[in-house]
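**Student:** My file is model07.tsv. It has TSV, C-alpha atoms:
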```tsv
chain	number	residue	atom	x	y	z
A	1250	MET	CA	10.25	81.30	-51.55
A	1251	GLY	CA	9.65	82.96	-54.86
A	1252	GLY	CA	6.16	84.01	-53.69
A	1253	GLY	CA	7.59	85.41	-50.45
A	1254	ASN	CA	10.05	87.52	-52.35
A	1255	ARG	CA	7.33	88.85	-54.59
A	1256	SER	CA	5.10	89.79	-51.65
A	1257	GLY	CA	8.05	91.42	-49.87
A	1258	GLY	CA	8.84	93.33	-53.05
A	1259	LYS	CA	5.24	94.48	-53.28
A	1260	ARG	CA	5.26	95.67	-49.66
A	1261	ALA	CA	8.51	97.54	-50.25
A	1262	GLY	CA	7.01	99.09	-53.38
A	1263	ARG	CA	3.99	100.22	-51.42
A	1264	GLU	CA	6.08	101.60	-48.54
A	1265	GLN	CA	8.32	103.77	-50.72
A	1266	PRO	CA	5.57	105.98	-52.15
A	1267	ALA	CA	3.99	106.25	-48.68
A	1268	ALA	CA	7.29	107.49	-47.27
A	1269	ALA	CA	7.48	110.10	-50.01
A	1270	ILE	CA	3.93	111.27	-49.37
A	1271	ARG	CA	4.57	111.87	-45.66
A	1272	GLY	CA	6.93	114.75	-46.46
A	1273	LEU	CA	10.59	115.54	-45.98
A	1274	GLY	CA	12.78	114.62	-43.05
A	1275	PRO	CA	14.57	117.19	-40.88
A	1276	ARG	CA	17.53	117.68	-43.21
A	1277	GLY	CA	15.37	117.93	-46.32
A	1278	MET	CA	12.99	120.32	-44.57
A	1279	ALA	CA	15.87	122.56	-43.51
A	1280	VAL	CA	17.18	122.76	-47.08
A	1281	ALA	CA	13.69	123.38	-48.48
A	1282	TRP	CA	13.00	126.12	-45.94
A	1283	ALA	CA	16.31	127.80	-46.78
A	1284	LEU	CA	15.38	127.82	-50.48
A	1285	ILE	CA	11.90	129.15	-49.67
A	1286	ILE	CA	13.32	132.05	-47.67
A	1287	VAL	CA	15.92	132.93	-50.33
A	1288	VAL	CA	13.37	132.81	-53.17
A	1289	ALA	CA	10.87	134.86	-51.13
A	1290	LEU	CA	13.56	137.45	-50.39
A	1291	VAL	CA	14.64	137.79	-54.03
A	1292	SER	CA	11.09	137.81	-55.42
A	1293	THR	CA	9.83	140.51	-53.04
A	1294	LEU	CA	12.86	142.77	-53.56
A	1295	GLY	CA	14.00	142.30	-57.18
A	1296	PRO	CA	10.86	143.13	-59.22
A	1297	ALA	CA	9.94	145.95	-56.82
A	1298	LEU	CA	13.14	147.75	-57.83
A	1299	LEU	CA	11.74	148.16	-61.34
A	1300	ASP	CA	8.06	148.72	-60.64
A	1301	PHE	CA	6.14	148.95	-57.36
A	1302	GLY	CA	2.91	147.40	-58.66
A	1303	VAL	CA	4.63	144.59	-60.52
A	1304	GLY	CA	6.80	143.91	-57.47
A	1305	VAL	CA	3.82	143.51	-55.13
A	1306	VAL	CA	1.89	141.24	-57.53
A	1307	PHE	CA	4.95	139.14	-58.40
A	1308	GLY	CA	5.94	138.77	-54.75
A	1309	LEU	CA	2.45	137.61	-53.75
A	1310	ILE	CA	2.30	135.10	-56.63
A	1311	VAL	CA	5.66	133.63	-55.62
A	1312	LEU	CA	4.65	133.39	-51.95
A	1313	ILE	CA	1.40	131.62	-52.88
A	1314	THR	CA	3.29	129.23	-55.17
A	1315	LEU	CA	5.91	128.47	-52.52
A	1316	TYR	CA	3.21	127.72	-49.98
A	1317	ALA	CA	0.93	125.66	-52.22
A	1318	TRP	CA	3.50	123.61	-54.12
A	1319	VAL	CA	6.70	123.56	-52.10
A	1320	LEU	CA	5.69	123.89	-48.46
A	1321	ARG	CA	2.36	122.07	-48.45
A	1322	ARG	CA	2.97	119.38	-51.09
A	1323	ILE	CA	6.71	118.67	-50.84
A	1324	VAL	CA	7.92	119.75	-47.40
A	1325	PHE	CA	4.93	118.61	-45.32
A	1326	GLY	CA	3.42	116.12	-47.76
A	1327	SER	CA	0.46	114.37	-46.15
A	1328	ARG	CA	1.15	116.03	-42.79
A	1329	ALA	CA	-1.09	118.98	-41.97
A	1330	ILE	CA	0.69	122.31	-41.59
A	1331	PRO	CA	0.03	123.57	-38.04
A	1332	ARG	CA	-2.27	126.59	-37.88
A	1333	TRP	CA	0.33	128.76	-36.16
A	1334	ALA	CA	2.85	127.96	-38.90
A	1335	ARG	CA	0.37	129.01	-41.58
A	1336	VAL	CA	-0.19	132.30	-39.77
A	1337	THR	CA	3.51	133.05	-39.28
A	1338	TYR	CA	4.28	132.15	-42.91
A	1339	TRP	CA	1.73	134.60	-44.29
A	1340	VAL	CA	2.53	137.34	-41.78
A	1341	GLY	CA	6.24	136.96	-42.61
A	1342	GLY	CA	5.50	137.00	-46.32
A	1343	ALA	CA	3.33	140.12	-45.97
A	1344	LEU	CA	6.12	141.91	-44.10
A	1345	MET	CA	8.54	141.06	-46.91
A	1346	VAL	CA	6.13	142.41	-49.55
A	1347	VAL	CA	5.77	145.68	-47.59
A	1348	GLY	CA	9.55	145.89	-47.28
A	1349	GLY	CA	9.90	145.30	-51.02
A	1350	ALA	CA	7.78	148.37	-51.69
A	1351	HIS	CA	10.71	150.47	-50.43
A	1352	ALA	CA	13.40	148.48	-52.22
A	1353	PRO	CA	14.17	151.37	-54.62
A	1354	ASP	CA	14.88	153.66	-51.65
A	1355	ALA	CA	17.24	151.08	-50.18
A	1356	PHE	CA	19.03	150.63	-53.52
A	1357	LEU	CA	19.41	154.37	-54.07
A	1358	ALA	CA	20.62	154.90	-50.50
A	1359	LEU	CA	23.38	152.34	-51.09
A	1360	ALA	CA	24.33	152.82	-54.74
A	1361	GLY	CA	22.65	156.04	-55.87
A	1362	GLU	CA	24.14	159.47	-56.44
A	1363	GLN	CA	22.72	162.76	-55.23
A	1364	GLY	CA	22.57	165.82	-57.45
A	1365	THR	CA	20.30	168.45	-58.93
A	1366	ALA	CA	17.63	167.52	-61.45
A	1367	THR	CA	15.73	169.77	-63.83
A	1368	ILE	CA	11.99	169.32	-64.33
A	1369	ALA	CA	11.82	168.50	-68.04
A	1370	TYR	CA	8.18	167.96	-68.98
A	1371	ALA	CA	5.01	166.04	-68.20
A	1372	SER	CA	3.73	163.59	-70.76
A	1373	THR	CA	0.30	162.04	-71.17
A	1374	GLU	CA	0.54	158.25	-71.19
A	1375	THR	CA	-2.07	155.57	-71.88
A	1376	GLY	CA	-2.35	152.67	-69.45
A	1377	SER	CA	-3.10	149.04	-70.19
A	1378	HIS	CA	-6.84	149.62	-69.66
A	1379	GLY	CA	-6.96	152.65	-71.93
A	1380	MET	CA	-6.90	155.17	-69.10
A	1381	LYS	CA	-4.74	158.25	-69.58
A	1382	TYR	CA	-2.44	159.57	-66.87
A	1383	LYS	CA	0.28	162.16	-66.39
A	1384	GLN	CA	3.93	161.17	-66.13
A	1385	CYS	CA	6.68	163.56	-65.08
A	1386	TRP	CA	10.16	163.44	-66.64
A	1387	VAL	CA	13.30	165.02	-65.18
A	1388	GLY	CA	16.74	165.79	-66.54
A	1389	LEU	CA	19.49	164.19	-64.46
A	1390	PRO	CA	23.05	165.41	-63.82
A	1391	ASP	CA	24.43	162.63	-66.05
A	1392	GLY	CA	22.56	164.06	-69.05
A	1393	ASN	CA	19.80	161.42	-69.20
A	1394	THR	CA	16.10	162.18	-68.98
A	1395	GLU	CA	14.20	159.73	-66.77
A	1396	ARG	CA	10.63	159.50	-65.59
A	1397	LEU	CA	9.73	159.62	-61.93
A	1398	PRO	CA	8.51	156.34	-60.40
A	1399	ARG	CA	5.10	157.74	-59.43
A	1400	THR	CA	2.55	158.96	-61.92
A	1401	GLY	CA	1.00	162.40	-61.77
A	1402	PRO	CA	1.86	165.96	-62.79
A	1403	CYS	CA	5.30	167.38	-62.15
A	1404	PRO	CA	5.84	168.87	-58.68
A	1405	ALA	CA	7.21	172.09	-60.17
A	1406	PRO	CA	7.13	174.02	-63.47
A	1407	ASN	CA	9.36	172.97	-66.37
A	1408	GLY	CA	12.93	174.15	-65.86
A	1409	ALA	CA	12.73	174.16	-62.05
A	1410	HIS	CA	15.55	172.53	-60.11
A	1411	ARG	CA	15.07	169.88	-57.46
A	1412	THR	CA	17.40	167.66	-55.41
A	1413	VAL	CA	17.44	164.15	-56.82
A	1414	VAL	CA	18.91	160.75	-56.00
A	1415	TYR	CA	19.44	158.64	-59.09
A	1416	ALA	CA	21.07	155.41	-60.20
A	1417	PRO	CA	23.64	155.73	-62.99
A	1418	GLY	CA	22.43	153.75	-65.95
A	1419	GLY	CA	18.78	154.10	-65.00
A	1420	VAL	CA	18.53	150.80	-63.14
A	1421	VAL	CA	16.09	152.39	-60.69
A	1422	ALA	CA	13.85	155.39	-61.33
A	1423	PRO	CA	15.13	158.63	-59.75
A	1424	VAL	CA	13.55	160.10	-56.62
A	1425	LEU	CA	13.20	163.82	-56.00
A	1426	ALA	CA	14.65	163.84	-52.49
A	1427	ALA	CA	17.94	163.92	-50.65
A	1428	LYS	CA	19.62	160.68	-49.63
A	1429	SER	CA	18.86	161.46	-46.01
A	1430	ASP	CA	15.13	161.54	-46.83
A	1431	LEU	CA	14.99	158.08	-48.43
A	1432	MET	CA	12.94	155.57	-46.45
A	1433	TRP	CA	15.47	152.76	-46.83
A	1434	TRP	CA	14.91	151.58	-43.24
A	1435	TRP	CA	11.40	150.45	-44.21
A	1436	ALA	CA	12.89	147.96	-46.65
A	1437	ALA	CA	15.53	146.81	-44.18
A	1438	GLY	CA	13.22	146.62	-41.17
A	1439	PHE	CA	10.28	144.86	-42.80
A	1440	GLN	CA	12.47	142.47	-44.77
A	1441	LEU	CA	14.46	141.50	-41.67
A	1442	ALA	CA	11.26	141.04	-39.67
A	1443	GLY	CA	9.74	138.88	-42.42
A	1444	VAL	CA	12.86	136.76	-42.86
A	1445	GLY	CA	13.15	136.38	-39.08
A	1446	LEU	CA	9.56	135.17	-38.81
A	1447	LEU	CA	9.99	132.67	-41.65
A	1448	ALA	CA	13.29	131.47	-40.19
A	1449	THR	CA	11.69	130.96	-36.77
A	1450	THR	CA	8.86	129.00	-38.39
A	1451	ALA	CA	11.41	126.93	-40.26
A	1452	VAL	CA	13.40	126.04	-37.13
A	1453	LEU	CA	10.31	125.06	-35.13
A	1454	THR	CA	8.76	122.97	-37.89
A	1455	VAL	CA	12.04	121.20	-38.62
A	1456	ARG	CA	12.19	120.21	-34.94
A	1457	ASP	CA	8.53	119.15	-34.86
A	1458	PRO	CA	6.61	119.35	-38.18
A	1459	VAL	CA	3.20	118.67	-36.58
A	1460	LEU	CA	3.59	120.86	-33.48
A	1461	GLU	CA	0.07	122.14	-32.81
A	1462	ARG	CA	0.82	124.16	-29.67
A	1463	ARG	CA	1.59	127.75	-30.51
A	1464	PRO	CA	5.31	128.31	-29.82
A	1465	TRP	CA	4.66	131.58	-27.98
A	1466	ARG	CA	2.29	129.94	-25.46
A	1467	ARG	CA	3.28	127.53	-22.74
```
Spell out the structure here as structure tokens.

**Tutor:**
Amino acid sequence: MGGGNRSGGKRAGREQPAAAIRGLGPRGMAVAWALIIVVALVSTLGPALLDFGVGVVFGLIVLITLYAWVLRRIVFGSRAIPRWARVTYWVGGALMVVGGAHAPDAFLALAGEQGTATIAYASTETGSHGMKYKQCWVGLPDGNTERLPRTGPCPAPNGAHRTVVYAPGGVVAPVLAAKSDLMWWWAAGFQLAGVGLLATTAVLTVRDPVLERRPWRR
């Protein structure tokens, strides 16, 4: 009897790791997918508010990490991710990165103030690789002097006045445009499309993790 118990214990010990390797069940997959979508949304929008280039790179790194470590290793485990799900994940992620590129416009459209800026000066900056570039600075209605988000010479001579939308406190770089000209719908549209595609992938894979038939084909 003692030997039987030991063999049963060994079988149970072998079965438990195997169950973990197979991947998460429906409830666990649903929770994991929800976290993936939230993290992807934050990572493609947040850093892009501060810097376009940093936002794109950071968003791509997070999407790759979510796919390689969370989706493939934890959610699916030893199960192969269906080809259609891989495609929809990366297409959805790409849409979110594109939407994040216009996150500053969306933020300024919601929380920014419109006024008149004064072209202050153009400075010569040195990049990380030693390359020099021009950077334009403008005087804002609140008395602060901020640099424009894009590099290059100023669009007008020093002292010229231009319509500006700016964030009090300098959270987001000002944009020389009116609020009505901000392309906030790019951020909203692409982000919603990306989230919708990831959410659809999540629902279908939770229902059938190994579904090989493309969901849009009968």

**Student:** Between A:Pro1406, A:Gly1342, A:Pro1353, A:Gly1272, which residue has the minimum interatomic distance to Val1287 of chain A, considering all atoms listed in the file?

**Tutor:**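 So, comparing all the options, the nearest one is A:Gly1342.
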
**Student:** With distances taken over all atoms listed in the file, which of A:Ser1372, A:Thr1365, A:Thr1314, A:Thr1454 is nearest to Arg1276 of chain A?

**Tutor:** A:Thr1454

**Student:** Take atom CA of Gly1443 of chain A and atom CA of Arg1321 of chain A and report the distance between them in Å, one decimal.

**Tutor:**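 Here the two named atoms are 19.3 Å from each other.
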
**Student:** Tell me, in Å to one decimal, how far atom CA of Val1444 of chain A is from atom CA of Ala1329 of chain A.

**Tutor:**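 The value is 22.6 Å.
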
**Student:** Distance atom CA of Val1306 of chain A-atom CA of Ala1371 of chain A, one decimal place?

**Tutor:**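 These two atoms are separated by 27.2 Å.
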
**Student:** For segment 1387-1390 of chain A, list every protein, DNA or RNA residue within 6 Å, evaluated using only C-alpha atoms, and leave out those in the same chain fewer than 3 positions away; present the list as a PyMOL selection string.

**Tutor:** chain A and resi 1366-1369+1393-1395

**Student:** Tell me which protein, DNA and RNA residues are within 10 Å of Ala1358 of chain A, counting all atoms listed in the file, leaving out same-chain ones fewer than 4 positions away, and put them as a PyMOL selection string.

**Tutor:** chain A and resi 1352-1354+1362-1363+1414-1416+1427-1434

**Student:** Considering all atoms listed in the file, can you say which of A:Arg1456, A:Thr1449, A:Ala1350, A:Thr1400 comes closest to Ala1334 of chain A?

**Tutor:**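 For Ala1334 of chain A, the nearest of the given residues is A:Thr1449.
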
**Student:** Residues of segment 1368-1424 of chain A that approach segment 1296-1303 of chain A to 8 Å or less, counting only C-alpha atoms: could you list each one with the shortest pair of atoms and its distance in Å to one decimal, rows by chain and increasing residue number, as a tab-separated table?

**Tutor:**
```
residue	atom	partner	partner_atom	distance
A:Pro1398	CA	A:Asp1300	CA	7.6
A:Val1420	CA	A:Leu1299	CA	7.5
A:Val1421	CA	A:Leu1299	CA	6.1
A:Ala1422	CA	A:Leu1299	CA	7.5
```

**Student:** A:Gly1274, A:Met1380, A:Gln1440, A:Gly1349: which is nearest Phe1307 of chain A, counting all atoms listed in the file?

**Tutor:** A:Gly1349

**Student:** Could you check the closest approach to Ala1405 of chain A for each of A:Val1291, A:Val1455, A:Ala1317, A:Cys1385 and tell me which residue wins, using all atoms listed in the file?

**Tutor:** A:Cys1385

**Student:** Closest to Gly1364 of chain A among A:Arg1399, A:Ile1286, A:Thr1450, A:Ala1426, using only C-alpha atoms?

**Tutor:**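 Closest residue, counting only C-alpha atoms: A:Ala1426.
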
**Student:** Box along x, y and z, 5 Å on every side, all listed atoms of segment 1308-1312 of chain A inside: centre and edge lengths in Å to one decimal, as JSON.

**Tutor:**
```
{"center_x": 4.1, "center_y": 136.1, "center_z": -54.3, "size_x": 13.6, "size_y": 15.4, "size_z": 14.7}
```

**Student:** Skipping near chain neighbours, those fewer than 6 positions away, what residues fall within 9 Å of Trp1282 of chain A using all atoms listed in the file, listed as a list in words?

**Tutor:**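 Contacts, in chain order: Leu1320, Val1324, Leu1447, Ala1448, Ala1451, Val1452 and Val1455 of chain A.
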
**Student:** Save out the residues we just selected, C-alpha atoms, as a compact mmCIF listing (two decimals), in the coordinates of the input.

**Tutor:**
```txt
# COMPACT_ATOMS: atom_id res chain seq x y z
CA LEU A 1320 5.69 123.89 -48.46
CA VAL A 1324 7.92 119.75 -47.40
CA LEU A 1447 9.99 132.67 -41.65
CA ALA A 1448 13.29 131.47 -40.19
CA ALA A 1451 11.41 126.93 -40.26
CA VAL A 1452 13.40 126.04 -37.13
CA VAL A 1455 12.04 121.20 -38.62
```

**Student:** At most 10 Å from (8.8, 132.5, -53.1), file frame, all atoms listed in the file: which residues, as a list of chain:residue names?

**Tutor:**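 Collected hits near the coordinates: A:Leu1284, A:Ile1285, A:Ile1286, A:Val1287, A:Val1288, A:Ala1289, A:Leu1290, A:Val1291, A:Ser1292, A:Thr1293, A:Phe1307, A:Gly1308, A:Leu1309, A:Ile1310, A:Val1311, A:Leu1312, A:Ile1313, A:Thr1314, A:Leu1315, A:Tyr1316, A:Val1319, A:Gly1342.
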